[in-house]
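S.K.: Next comes model.txt, compact mmCIF, N, CA and C atoms:
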# COMPACT_ATOMS: atom_id res chain seq x y z
N VAL A 110 3.32 -22.47 -6.21
CA VAL A 110 4.44 -21.58 -6.53
C VAL A 110 5.72 -22.42 -6.62
N GLN A 111 6.47 -22.19 -7.67
CA GLN A 111 7.78 -22.84 -7.81
C GLN A 111 8.84 -21.76 -7.98
N LEU A 112 9.97 -21.97 -7.33
CA LEU A 112 11.09 -21.04 -7.42
C LEU A 112 12.28 -21.78 -8.00
N VAL A 113 12.90 -21.20 -9.01
CA VAL A 113 14.06 -21.83 -9.65
C VAL A 113 15.21 -20.83 -9.69
N GLU A 114 16.32 -21.23 -9.05
CA GLU A 114 17.50 -20.36 -9.01
C GLU A 114 18.46 -20.69 -10.14
N SER A 115 19.27 -19.71 -10.48
CA SER A 115 20.36 -19.92 -11.43
C SER A 115 21.46 -18.92 -11.13
N GLY A 116 22.66 -19.21 -11.63
CA GLY A 116 23.74 -18.24 -11.53
C GLY A 116 24.82 -18.55 -10.52
N GLY A 117 24.72 -19.63 -9.79
CA GLY A 117 25.78 -19.97 -8.85
C GLY A 117 27.05 -20.39 -9.56
N GLY A 118 28.11 -20.61 -8.78
CA GLY A 118 29.35 -21.05 -9.38
C GLY A 118 30.52 -20.84 -8.44
N SER A 119 31.72 -20.92 -9.01
CA SER A 119 32.94 -20.75 -8.24
C SER A 119 33.66 -19.49 -8.68
N VAL A 120 34.20 -18.78 -7.70
CA VAL A 120 34.87 -17.52 -7.99
C VAL A 120 35.96 -17.30 -6.96
N GLN A 121 36.95 -16.52 -7.30
CA GLN A 121 38.00 -16.19 -6.34
C GLN A 121 37.55 -15.04 -5.46
N ALA A 122 38.16 -14.95 -4.31
CA ALA A 122 37.86 -13.86 -3.38
C ALA A 122 38.02 -12.52 -4.07
N GLY A 123 37.07 -11.64 -3.80
CA GLY A 123 37.07 -10.33 -4.43
C GLY A 123 36.25 -10.26 -5.70
N GLY A 124 35.84 -11.43 -6.19
CA GLY A 124 35.07 -11.48 -7.42
C GLY A 124 33.59 -11.24 -7.21
N SER A 125 32.84 -11.41 -8.28
CA SER A 125 31.40 -11.14 -8.26
C SER A 125 30.63 -12.28 -8.93
N LEU A 126 29.39 -12.43 -8.52
CA LEU A 126 28.44 -13.35 -9.15
C LEU A 126 27.07 -12.70 -9.12
N ARG A 127 26.20 -13.18 -9.99
CA ARG A 127 24.82 -12.71 -9.99
C ARG A 127 23.89 -13.92 -9.99
N LEU A 128 23.03 -13.97 -9.01
CA LEU A 128 22.05 -15.03 -8.90
C LEU A 128 20.69 -14.52 -9.37
N SER A 129 19.94 -15.42 -9.98
CA SER A 129 18.58 -15.08 -10.40
C SER A 129 17.62 -16.14 -9.87
N CYS A 130 16.39 -15.72 -9.65
CA CYS A 130 15.34 -16.64 -9.21
C CYS A 130 14.06 -16.27 -9.94
N THR A 131 13.45 -17.26 -10.54
CA THR A 131 12.19 -17.05 -11.24
C THR A 131 11.08 -17.79 -10.53
N ALA A 132 10.00 -17.08 -10.26
CA ALA A 132 8.82 -17.66 -9.62
C ALA A 132 7.77 -17.97 -10.67
N SER A 133 7.13 -19.11 -10.53
CA SER A 133 6.04 -19.47 -11.42
C SER A 133 4.87 -19.99 -10.59
N GLY A 134 3.71 -20.03 -11.20
CA GLY A 134 2.51 -20.44 -10.48
C GLY A 134 1.72 -19.22 -10.06
N VAL A 135 1.08 -19.31 -8.90
CA VAL A 135 0.28 -18.19 -8.40
C VAL A 135 1.22 -17.22 -7.70
N THR A 136 1.65 -16.21 -8.42
CA THR A 136 2.68 -15.32 -7.90
C THR A 136 2.14 -13.99 -7.39
N ASN A 137 0.83 -13.74 -7.57
CA ASN A 137 0.26 -12.45 -7.18
C ASN A 137 0.41 -12.17 -5.69
N SER A 138 0.47 -13.24 -4.89
CA SER A 138 0.47 -13.07 -3.44
C SER A 138 1.86 -13.01 -2.84
N LEU A 139 2.87 -13.04 -3.67
CA LEU A 139 4.25 -13.08 -3.15
C LEU A 139 4.68 -11.67 -2.77
N THR A 140 4.43 -11.30 -1.52
CA THR A 140 4.72 -9.94 -1.09
C THR A 140 6.20 -9.72 -0.81
N ILE A 141 6.89 -10.76 -0.42
CA ILE A 141 8.31 -10.66 -0.11
C ILE A 141 9.07 -11.74 -0.89
N MET A 142 10.17 -11.36 -1.49
CA MET A 142 11.05 -12.32 -2.15
C MET A 142 12.49 -11.98 -1.78
N GLY A 143 13.32 -13.00 -1.79
CA GLY A 143 14.71 -12.73 -1.46
C GLY A 143 15.54 -13.98 -1.37
N TRP A 144 16.59 -13.89 -0.56
CA TRP A 144 17.59 -14.94 -0.52
C TRP A 144 18.02 -15.27 0.91
N TYR A 145 18.24 -16.55 1.12
CA TYR A 145 18.88 -17.06 2.32
C TYR A 145 20.09 -17.87 1.88
N ARG A 146 20.95 -18.20 2.83
CA ARG A 146 22.07 -19.09 2.51
C ARG A 146 22.36 -20.00 3.70
N GLN A 147 23.01 -21.12 3.37
CA GLN A 147 23.35 -22.07 4.42
C GLN A 147 24.68 -22.73 4.09
N SER A 148 25.59 -22.67 5.07
CA SER A 148 26.89 -23.34 4.96
C SER A 148 26.84 -24.62 5.77
N PRO A 149 27.70 -25.58 5.45
CA PRO A 149 27.72 -26.84 6.21
C PRO A 149 27.92 -26.59 7.71
N GLY A 150 27.06 -27.18 8.51
CA GLY A 150 27.18 -27.06 9.96
C GLY A 150 26.62 -25.77 10.54
N LYS A 151 26.05 -24.93 9.69
CA LYS A 151 25.51 -23.65 10.17
C LYS A 151 24.02 -23.57 9.87
N GLN A 152 23.35 -22.70 10.61
CA GLN A 152 21.93 -22.48 10.37
C GLN A 152 21.73 -21.62 9.13
N ARG A 153 20.58 -21.80 8.51
CA ARG A 153 20.26 -20.97 7.37
C ARG A 153 20.12 -19.52 7.83
N GLU A 154 20.72 -18.60 7.10
CA GLU A 154 20.66 -17.19 7.48
C GLU A 154 20.09 -16.34 6.36
N MET A 155 19.44 -15.26 6.75
CA MET A 155 18.87 -14.34 5.79
C MET A 155 19.99 -13.53 5.14
N VAL A 156 19.95 -13.44 3.83
CA VAL A 156 20.92 -12.63 3.08
C VAL A 156 20.28 -11.30 2.69
N ALA A 157 19.13 -11.37 2.03
CA ALA A 157 18.44 -10.16 1.60
C ALA A 157 16.98 -10.50 1.30
N LEU A 158 16.09 -9.60 1.70
CA LEU A 158 14.66 -9.76 1.43
C LEU A 158 14.13 -8.44 0.92
N THR A 159 13.33 -8.49 -0.12
CA THR A 159 12.79 -7.27 -0.70
C THR A 159 11.27 -7.39 -0.84
N THR A 160 10.57 -6.32 -0.54
CA THR A 160 9.12 -6.31 -0.65
C THR A 160 8.71 -5.94 -2.07
N TRP A 161 7.41 -6.10 -2.35
CA TRP A 161 6.93 -5.76 -3.70
C TRP A 161 7.05 -4.27 -3.96
N ARG A 162 7.18 -3.48 -2.88
CA ARG A 162 7.35 -2.04 -3.03
C ARG A 162 8.82 -1.65 -3.20
N GLY A 163 9.72 -2.64 -3.07
CA GLY A 163 11.12 -2.34 -3.30
C GLY A 163 11.92 -2.04 -2.05
N ASN A 164 11.32 -2.21 -0.87
CA ASN A 164 12.08 -2.03 0.37
C ASN A 164 12.88 -3.30 0.64
N THR A 165 14.17 -3.14 0.91
CA THR A 165 15.05 -4.29 1.04
C THR A 165 15.81 -4.27 2.36
N ASN A 166 15.89 -5.42 3.00
CA ASN A 166 16.70 -5.61 4.19
C ASN A 166 17.83 -6.58 3.87
N TYR A 167 19.00 -6.31 4.46
CA TYR A 167 20.17 -7.16 4.23
C TYR A 167 20.68 -7.73 5.55
N GLY A 168 21.29 -8.91 5.45
CA GLY A 168 21.98 -9.45 6.61
C GLY A 168 23.23 -8.63 6.89
N ASP A 169 23.62 -8.59 8.15
CA ASP A 169 24.76 -7.75 8.55
C ASP A 169 26.04 -8.12 7.80
N SER A 170 26.22 -9.39 7.52
CA SER A 170 27.48 -9.84 6.92
C SER A 170 27.61 -9.51 5.44
N VAL A 171 26.51 -9.12 4.81
CA VAL A 171 26.56 -8.84 3.36
C VAL A 171 26.21 -7.41 3.02
N ARG A 172 25.73 -6.66 4.00
CA ARG A 172 25.31 -5.28 3.72
C ARG A 172 26.48 -4.47 3.16
N GLY A 173 26.22 -3.78 2.08
CA GLY A 173 27.27 -2.98 1.43
C GLY A 173 28.02 -3.73 0.34
N ARG A 174 27.87 -5.05 0.31
CA ARG A 174 28.56 -5.85 -0.73
C ARG A 174 27.58 -6.51 -1.69
N PHE A 175 26.43 -6.87 -1.20
CA PHE A 175 25.42 -7.54 -2.02
C PHE A 175 24.27 -6.58 -2.33
N ASN A 176 23.65 -6.80 -3.48
CA ASN A 176 22.51 -5.96 -3.87
C ASN A 176 21.38 -6.84 -4.38
N CYS A 177 20.22 -6.71 -3.75
CA CYS A 177 19.05 -7.50 -4.12
C CYS A 177 18.05 -6.62 -4.85
N THR A 178 17.60 -7.07 -6.00
CA THR A 178 16.58 -6.34 -6.75
C THR A 178 15.49 -7.30 -7.20
N ARG A 179 14.35 -6.72 -7.55
CA ARG A 179 13.19 -7.55 -7.92
C ARG A 179 12.51 -6.94 -9.13
N ASP A 180 12.13 -7.78 -10.06
CA ASP A 180 11.34 -7.36 -11.21
C ASP A 180 9.98 -8.02 -11.08
N THR A 181 9.00 -7.27 -10.61
CA THR A 181 7.67 -7.84 -10.38
C THR A 181 6.97 -8.19 -11.68
N THR A 182 7.35 -7.54 -12.78
CA THR A 182 6.71 -7.85 -14.06
C THR A 182 7.14 -9.22 -14.59
N LYS A 183 8.33 -9.64 -14.20
CA LYS A 183 8.86 -10.93 -14.64
C LYS A 183 8.80 -11.99 -13.53
N ASN A 184 8.33 -11.60 -12.35
CA ASN A 184 8.31 -12.51 -11.20
C ASN A 184 9.71 -13.05 -10.91
N GLU A 185 10.68 -12.15 -10.95
CA GLU A 185 12.06 -12.55 -10.73
C GLU A 185 12.69 -11.70 -9.62
N VAL A 186 13.65 -12.31 -8.93
CA VAL A 186 14.44 -11.59 -7.94
C VAL A 186 15.90 -11.94 -8.20
N TYR A 187 16.76 -10.96 -7.99
CA TYR A 187 18.16 -11.11 -8.32
C TYR A 187 19.02 -10.78 -7.10
N LEU A 188 20.19 -11.37 -7.07
CA LEU A 188 21.15 -11.05 -6.02
C LEU A 188 22.52 -10.85 -6.67
N GLN A 189 23.01 -9.61 -6.62
CA GLN A 189 24.35 -9.31 -7.11
C GLN A 189 25.31 -9.43 -5.93
N LEU A 190 26.27 -10.33 -6.05
CA LEU A 190 27.24 -10.58 -5.00
C LEU A 190 28.58 -9.98 -5.41
N ASN A 191 29.02 -8.97 -4.68
CA ASN A 191 30.28 -8.31 -4.97
C ASN A 191 31.25 -8.47 -3.81
N TYR A 192 32.53 -8.28 -4.12
CA TYR A 192 33.58 -8.37 -3.10
C TYR A 192 33.43 -9.65 -2.28
N LEU A 193 33.30 -10.74 -2.98
CA LEU A 193 33.03 -12.01 -2.33
C LEU A 193 34.20 -12.46 -1.46
N LYS A 194 33.85 -13.10 -0.35
CA LYS A 194 34.82 -13.62 0.61
C LYS A 194 34.65 -15.14 0.72
N PRO A 195 35.68 -15.85 1.14
CA PRO A 195 35.52 -17.30 1.33
C PRO A 195 34.37 -17.65 2.26
N GLU A 196 34.11 -16.82 3.24
CA GLU A 196 33.01 -17.11 4.17
C GLU A 196 31.63 -16.91 3.55
N ASP A 197 31.58 -16.41 2.32
CA ASP A 197 30.31 -16.34 1.60
C ASP A 197 29.95 -17.67 0.94
N THR A 198 30.87 -18.61 0.98
CA THR A 198 30.61 -19.93 0.41
C THR A 198 29.42 -20.58 1.10
N ALA A 199 28.43 -20.96 0.30
CA ALA A 199 27.21 -21.53 0.86
C ALA A 199 26.29 -21.95 -0.28
N VAL A 200 25.23 -22.64 0.08
CA VAL A 200 24.12 -22.85 -0.85
C VAL A 200 23.16 -21.68 -0.65
N TYR A 201 22.83 -21.03 -1.72
CA TYR A 201 21.94 -19.86 -1.67
C TYR A 201 20.55 -20.29 -2.14
N TYR A 202 19.56 -19.99 -1.30
CA TYR A 202 18.19 -20.39 -1.56
C TYR A 202 17.32 -19.17 -1.84
N CYS A 203 16.55 -19.27 -2.89
CA CYS A 203 15.53 -18.26 -3.16
C CYS A 203 14.35 -18.50 -2.23
N ASN A 204 13.79 -17.40 -1.74
CA ASN A 204 12.66 -17.48 -0.80
C ASN A 204 11.56 -16.53 -1.24
N ALA A 205 10.32 -16.96 -1.05
CA ALA A 205 9.19 -16.08 -1.32
C ALA A 205 8.12 -16.33 -0.27
N PHE A 206 7.52 -15.24 0.20
CA PHE A 206 6.46 -15.34 1.19
C PHE A 206 5.13 -14.95 0.55
N SER A 207 4.14 -15.83 0.72
CA SER A 207 2.80 -15.57 0.21
C SER A 207 1.92 -15.08 1.34
N ASN A 208 1.40 -13.86 1.22
CA ASN A 208 0.54 -13.36 2.29
C ASN A 208 -0.85 -13.98 2.23
N TRP A 209 -1.28 -14.46 1.05
CA TRP A 209 -2.57 -15.14 0.97
C TRP A 209 -2.55 -16.46 1.73
N GLU A 210 -1.44 -17.19 1.56
CA GLU A 210 -1.33 -18.52 2.17
C GLU A 210 -0.60 -18.49 3.51
N ASP A 211 0.00 -17.35 3.82
CA ASP A 211 0.77 -17.20 5.06
C ASP A 211 1.83 -18.31 5.16
N ARG A 212 2.62 -18.44 4.11
CA ARG A 212 3.66 -19.47 4.12
C ARG A 212 4.82 -19.04 3.23
N ASN A 213 5.94 -19.71 3.50
CA ASN A 213 7.13 -19.48 2.69
C ASN A 213 7.27 -20.56 1.62
N TYR A 214 7.86 -20.16 0.51
CA TYR A 214 8.26 -21.09 -0.54
C TYR A 214 9.78 -21.01 -0.69
N TRP A 215 10.37 -22.15 -1.09
CA TRP A 215 11.83 -22.21 -1.22
C TRP A 215 12.23 -22.83 -2.55
N GLY A 216 13.32 -22.32 -3.10
CA GLY A 216 13.92 -22.97 -4.24
C GLY A 216 14.80 -24.10 -3.78
N ARG A 217 15.40 -24.82 -4.72
CA ARG A 217 16.26 -25.95 -4.37
C ARG A 217 17.66 -25.51 -3.99
N GLY A 218 18.02 -24.30 -4.31
CA GLY A 218 19.32 -23.79 -3.94
C GLY A 218 20.34 -23.84 -5.06
N THR A 219 21.30 -22.93 -4.99
CA THR A 219 22.40 -22.90 -5.95
C THR A 219 23.70 -22.67 -5.18
N GLN A 220 24.72 -23.42 -5.52
CA GLN A 220 25.98 -23.37 -4.78
C GLN A 220 26.83 -22.19 -5.22
N VAL A 221 27.35 -21.48 -4.22
CA VAL A 221 28.34 -20.42 -4.45
C VAL A 221 29.59 -20.80 -3.67
N THR A 222 30.70 -20.88 -4.37
CA THR A 222 31.97 -21.25 -3.74
C THR A 222 32.99 -20.16 -4.01
N VAL A 223 33.58 -19.64 -2.95
CA VAL A 223 34.57 -18.56 -3.05
C VAL A 223 35.90 -19.08 -2.52
N SER A 224 36.91 -19.06 -3.36
CA SER A 224 38.23 -19.54 -2.96
C SER A 224 39.14 -18.37 -2.62
N SER A 225 40.05 -18.64 -1.71
CA SER A 225 40.97 -17.56 -1.27
C SER A 225 42.20 -17.48 -2.16
For this file, write the structure as structure tokens.
M.R.:
Amino acid sequence: VQLVESGGGSVQAGGSLRLSCTASGVTNSLTIMGWYRQSPGKQREMVALTTWRGNTNYGDSVRGRFNCTRDTTKNEVYLQLNYLKPEDTAVYYCNAFSNWEDRNYWGRGTQVTVSS
């Protein structure tokens, strides 16, 4: 399984961005897909995870501002980032969990920078 992110960039506070992640390879077993992020000096944190049935969990710091959706027909997951804050600045990583292999897969990450 390979995960490739796109859509990062720089934006002013209050702005919006949309991230996309495309999975390739053996994707039938990817029961959960979503996003994590990591800022310099901080641990990687969960942003949003969505199941193949469409149930989604959000991190406390982004709930109500970010929206995660998944298109299982295209093997893609998206993250709409709204009302961005400088503290949202981080590298955002696409994540997928394979229940067949009982393991996580990670993308290389895409940078999101929010200026005040």
S.K.: Taking only C-alpha atoms into account, name the residue in A:Gly163, A:Gly173, A:Gly117, A:Gly123 that is nearest to Gly143 in chain A.
M.R.: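 Ranked by minimum distance to Gly143 in chain A, first place goes to A:Gly163.
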S.K.: Please tell me which residues are no farther than 6.5 Å from (30.9, -23.8, -8.3) in the file, counting all atoms listed in the file, and write them as a PDB file with N, CA and C atoms, in the coordinates of the input.
M.R.:
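Contents of the output file part00.pdb:
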ATOM      1  N   GLY A 117      24.720 -19.630  -9.790  1.00  0.00           N
ATOM      2  CA  GLY A 117      25.780 -19.970  -8.850  1.00  0.00           C
ATOM      3  C   GLY A 117      27.050 -20.390  -9.560  1.00  0.00           C
ATOM      4  N   GLY A 118      28.110 -20.610  -8.780  1.00  0.00           N
ATOM      5  CA  GLY A 118      29.350 -21.050  -9.380  1.00  0.00           C
ATOM      6  C   GLY A 118      30.520 -20.840  -8.440  1.00  0.00           C
ATOM      7  N   SER A 119      31.720 -20.920  -9.010  1.00  0.00           N
ATOM      8  CA  SER A 119      32.940 -20.750  -8.240  1.00  0.00           C
ATOM      9  C   SER A 119      33.660 -19.490  -8.680  1.00  0.00           C
ATOM     10  N   VAL A 120      34.200 -18.780  -7.700  1.00  0.00           N
ATOM     11  CA  VAL A 120      34.870 -17.520  -7.990  1.00  0.00           C
ATOM     12  C   VAL A 120      35.960 -17.300  -6.960  1.00  0.00           C
ATOM     13  N   GLN A 220      24.720 -23.420  -5.520  1.00  0.00           N
ATOM     14  CA  GLN A 220      25.980 -23.370  -4.780  1.00  0.00           C
ATOM     15  C   GLN A 220      26.830 -22.190  -5.220  1.00  0.00           C
ATOM     16  N   VAL A 221      27.350 -21.480  -4.220  1.00  0.00           N
ATOM     17  CA  VAL A 221      28.340 -20.420  -4.450  1.00  0.00           C
ATOM     18  C   VAL A 221      29.590 -20.800  -3.670  1.00  0.00           C
ATOM     19  N   THR A 222      30.700 -20.880  -4.370  1.00  0.00           N
ATOM     20  CA  THR A 222      31.970 -21.250  -3.740  1.00  0.00           C
ATOM     21  C   THR A 222      32.990 -20.160  -4.010  1.00  0.00           C
TER      22      THR A 222
END
S.K.: Chain A: which residues are strand (DSSP E) by DSSP, as a ChimeraX atom specification?
M.R.: /A:111-115,118-121,126-133,139-147,154-160,165-167,175-180,185-190,199-207,212-215,219-224
S.K.: Find the distance between atom N of Leu139 in chain A and atom C of Trp209 in chain A and write it in Å to one decimal.
M.R.: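 Those two atoms sit 8.4 Å apart.
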S.K.: Pick out the closest residue to Glu196 in chain A from this set: A:Thr165, A:Gln111, A:Asn184, A:Ser224. Count all atoms listed in the file.
M.R.: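 The closest residue to Glu196 in chain A is A:Ser224.
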S.K.: As an exercise, work out the distance from CA of Trp161 in chain A to atom C of Gly216 in chain A in Å and give it to one decimal place.
M.R.: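 Spanning CA of Trp161 in chain A to atom C of Gly216 in chain A is a straight-line distance of 20.0 Å.
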S.K.: Expressed in Å to a single decimal, how great is the separation between CA of Asp180 in chain A and CA of Ser148 in chain A?
M.R.: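 Between CA of Asp180 in chain A and CA of Ser148 in chain A the gap is 27.5 Å.
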S.K.: Near Tyr214 in chain A, within 6.5 Å and counting all atoms listed in the file, which residues show up once chain neighbours fewer than 4 positions away are dropped, as a PyMOL selection string?
M.R.: chain A and resi 203-207
S.K.: Could those residues be written to a file, using N, CA and C atoms, as a short mmCIF file (atom, residue, chain, number, x, y, z; two decimals), in the frame of the given file?
M.R.:
data_model
loop_
_atom_site.label_atom_id
_atom_site.label_comp_id
_atom_site.auth_asym_id
_atom_site.auth_seq_id
_atom_site.Cartn_x
_atom_site.Cartn_y
_atom_site.Cartn_z
N CYS A 203 16.55 -19.27 -2.89
CA CYS A 203 15.53 -18.26 -3.16
C CYS A 203 14.35 -18.50 -2.23
N ASN A 204 13.79 -17.40 -1.74
CA ASN A 204 12.66 -17.48 -0.80
C ASN A 204 11.56 -16.53 -1.24
N ALA A 205 10.32 -16.96 -1.05
CA ALA A 205 9.19 -16.08 -1.32
C ALA A 205 8.12 -16.33 -0.27
N PHE A 206 7.52 -15.24 0.20
CA PHE A 206 6.46 -15.34 1.19
C PHE A 206 5.13 -14.95 0.55
N SER A 207 4.14 -15.83 0.72
CA SER A 207 2.80 -15.57 0.21
C SER A 207 1.92 -15.08 1.34
#
S.K.: Find, counting only C-alpha atoms, the residue in A:Tyr187, A:Tyr192, A:Trp144, A:Tyr202 that gets nearest to Ala157 in chain A.
M.R.: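 Counting only C-alpha atoms, the residue closest to Ala157 in chain A is A:Trp144.
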S.K.: So that I can see what lies close to Arg127 in chain A, please list as an MDAnalysis selection string the residues with an atom at most 6 Å from it, counting only C-alpha atoms and leaving out residues fewer than 3 positions away in the same chain.
M.R.: chainID A and resid 116 188:190
S.K.: Give the answer as one residue: which of A:Val223, A:Val186, A:Leu193, A:Ala199 has the shortest atom-to-atom distance to Ser125 in chain A, using only C-alpha atoms?
M.R.: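 The closest residue to Ser125 in chain A is A:Leu193.
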S.K.: Any chance you could turn range 134-164 of chain A into a file with N, CA and C atoms, as a PDB file, in the first residue's frame?
M.R.:
ATOM      1  N   GLY A 134      -2.236   0.129  -4.439  1.00  0.00           N
ATOM      2  CA  GLY A 134      -1.800  -1.187  -3.997  1.00  0.00           C
ATOM      3  C   GLY A 134      -2.997  -1.994  -3.526  1.00  0.00           C
ATOM      4  N   VAL A 135      -2.780  -2.829  -2.513  1.00  0.00           N
ATOM      5  CA  VAL A 135      -3.861  -3.667  -1.989  1.00  0.00           C
ATOM      6  C   VAL A 135      -4.671  -2.823  -1.011  1.00  0.00           C
ATOM      7  N   THR A 136      -5.737  -2.239  -1.488  1.00  0.00           N
ATOM      8  CA  THR A 136      -6.488  -1.281  -0.682  1.00  0.00           C
ATOM      9  C   THR A 136      -7.759  -1.859  -0.075  1.00  0.00           C
ATOM     10  N   ASN A 137      -8.106  -3.111  -0.425  1.00  0.00           N
ATOM     11  CA  ASN A 137      -9.363  -3.691   0.058  1.00  0.00           C
ATOM     12  C   ASN A 137      -9.419  -3.787   1.573  1.00  0.00           C
ATOM     13  N   SER A 138      -8.244  -3.905   2.199  1.00  0.00           N
ATOM     14  CA  SER A 138      -8.212  -4.144   3.639  1.00  0.00           C
ATOM     15  C   SER A 138      -8.101  -2.875   4.460  1.00  0.00           C
ATOM     16  N   LEU A 139      -8.126  -1.736   3.815  1.00  0.00           N
ATOM     17  CA  LEU A 139      -7.929  -0.474   4.538  1.00  0.00           C
ATOM     18  C   LEU A 139      -9.248  -0.067   5.190  1.00  0.00           C
ATOM     19  N   THR A 140      -9.450  -0.508   6.425  1.00  0.00           N
ATOM     20  CA  THR A 140     -10.719  -0.250   7.097  1.00  0.00           C
ATOM     21  C   THR A 140     -10.808   1.168   7.646  1.00  0.00           C
ATOM     22  N   ILE A 141      -9.679   1.744   7.983  1.00  0.00           N
ATOM     23  CA  ILE A 141      -9.652   3.092   8.536  1.00  0.00           C
ATOM     24  C   ILE A 141      -8.650   3.930   7.738  1.00  0.00           C
ATOM     25  N   MET A 142      -9.042   5.130   7.385  1.00  0.00           N
ATOM     26  CA  MET A 142      -8.137   6.084   6.746  1.00  0.00           C
ATOM     27  C   MET A 142      -8.335   7.444   7.387  1.00  0.00           C
ATOM     28  N   GLY A 143      -7.282   8.233   7.368  1.00  0.00           N
ATOM     29  CA  GLY A 143      -7.421   9.556   7.956  1.00  0.00           C
ATOM     30  C   GLY A 143      -6.121  10.313   7.991  1.00  0.00           C
ATOM     31  N   TRP A 144      -6.030  11.207   8.970  1.00  0.00           N
ATOM     32  CA  TRP A 144      -4.930  12.149   9.012  1.00  0.00           C
ATOM     33  C   TRP A 144      -4.378  12.319  10.426  1.00  0.00           C
ATOM     34  N   TYR A 145      -3.072  12.456  10.482  1.00  0.00           N
ATOM     35  CA  TYR A 145      -2.359  12.861  11.677  1.00  0.00           C
ATOM     36  C   TYR A 145      -1.542  14.105  11.321  1.00  0.00           C
ATOM     37  N   ARG A 146      -1.038  14.780  12.337  1.00  0.00           N
ATOM     38  CA  ARG A 146      -0.138  15.901  12.082  1.00  0.00           C
ATOM     39  C   ARG A 146       0.953  15.955  13.151  1.00  0.00           C
ATOM     40  N   GLN A 147       2.052  16.609  12.769  1.00  0.00           N
ATOM     41  CA  GLN A 147       3.159  16.736  13.705  1.00  0.00           C
ATOM     42  C   GLN A 147       3.840  18.080  13.503  1.00  0.00           C
ATOM     43  N   SER A 148       3.980  18.809  14.616  1.00  0.00           N
ATOM     44  CA  SER A 148       4.695  20.079  14.622  1.00  0.00           C
ATOM     45  C   SER A 148       6.073  19.856  15.213  1.00  0.00           C
ATOM     46  N   PRO A 149       7.027  20.720  14.899  1.00  0.00           N
ATOM     47  CA  PRO A 149       8.380  20.562  15.452  1.00  0.00           C
ATOM     48  C   PRO A 149       8.363  20.516  16.982  1.00  0.00           C
ATOM     49  N   GLY A 150       9.011  19.511  17.536  1.00  0.00           N
ATOM     50  CA  GLY A 150       9.104  19.382  18.983  1.00  0.00           C
ATOM     51  C   GLY A 150       7.880  18.785  19.647  1.00  0.00           C
ATOM     52  N   LYS A 151       6.896  18.395  18.860  1.00  0.00           N
ATOM     53  CA  LYS A 151       5.666  17.822  19.425  1.00  0.00           C
ATOM     54  C   LYS A 151       5.457  16.411  18.905  1.00  0.00           C
ATOM     55  N   GLN A 152       4.661  15.652  19.646  1.00  0.00           N
ATOM     56  CA  GLN A 152       4.322  14.304  19.211  1.00  0.00           C
ATOM     57  C   GLN A 152       3.289  14.353  18.095  1.00  0.00           C
ATOM     58  N   ARG A 153       3.308  13.321  17.282  1.00  0.00           N
ATOM     59  CA  ARG A 153       2.303  13.221  16.236  1.00  0.00           C
ATOM     60  C   ARG A 153       0.929  13.055  16.882  1.00  0.00           C
ATOM     61  N   GLU A 154      -0.051  13.802  16.403  1.00  0.00           N
ATOM     62  CA  GLU A 154      -1.388  13.731  16.979  1.00  0.00           C
ATOM     63  C   GLU A 154      -2.427  13.394  15.918  1.00  0.00           C
ATOM     64  N   MET A 155      -3.477  12.716  16.357  1.00  0.00           N
ATOM     65  CA  MET A 155      -4.557  12.353  15.464  1.00  0.00           C
ATOM     66  C   MET A 155      -5.378  13.593  15.137  1.00  0.00           C
ATOM     67  N   VAL A 156      -5.652  13.788  13.868  1.00  0.00           N
ATOM     68  CA  VAL A 156      -6.501  14.891  13.415  1.00  0.00           C
ATOM     69  C   VAL A 156      -7.907  14.380  13.130  1.00  0.00           C
ATOM     70  N   ALA A 157      -8.006  13.354  12.282  1.00  0.00           N
ATOM     71  CA  ALA A 157      -9.306  12.792  11.931  1.00  0.00           C
ATOM     72  C   ALA A 157      -9.099  11.399  11.352  1.00  0.00           C
ATOM     73  N   LEU A 158      -9.976  10.476  11.735  1.00  0.00           N
ATOM     74  CA  LEU A 158      -9.948   9.114  11.207  1.00  0.00           C
ATOM     75  C   LEU A 158     -11.358   8.726  10.825  1.00  0.00           C
ATOM     76  N   THR A 159     -11.498   8.113   9.667  1.00  0.00           N
ATOM     77  CA  THR A 159     -12.815   7.716   9.203  1.00  0.00           C
ATOM     78  C   THR A 159     -12.809   6.248   8.800  1.00  0.00           C
ATOM     79  N   THR A 160     -13.871   5.537   9.140  1.00  0.00           N
ATOM     80  CA  THR A 160     -13.977   4.129   8.788  1.00  0.00           C
ATOM     81  C   THR A 160     -14.573   3.986   7.392  1.00  0.00           C
ATOM     82  N   TRP A 161     -14.531   2.746   6.885  1.00  0.00           N
ATOM     83  CA  TRP A 161     -15.086   2.518   5.547  1.00  0.00           C
ATOM     84  C   TRP A 161     -16.585   2.731   5.532  1.00  0.00           C
ATOM     85  N   ARG A 162     -17.201   2.702   6.728  1.00  0.00           N
ATOM     86  CA  ARG A 162     -18.637   2.947   6.820  1.00  0.00           C
ATOM     87  C   ARG A 162     -18.966   4.436   6.951  1.00  0.00           C
ATOM     88  N   GLY A 163     -17.916   5.266   7.078  1.00  0.00           N
ATOM     89  CA  GLY A 163     -18.163   6.691   7.134  1.00  0.00           C
ATOM     90  C   GLY A 163     -18.230   7.278   8.529  1.00  0.00           C
ATOM     91  N   ASN A 164     -17.931   6.479   9.550  1.00  0.00           N
ATOM     92  CA  ASN A 164     -17.882   7.019  10.914  1.00  0.00           C
ATOM     93  C   ASN A 164     -16.543   7.722  11.115  1.00  0.00           C
TER      94      ASN A 164
END
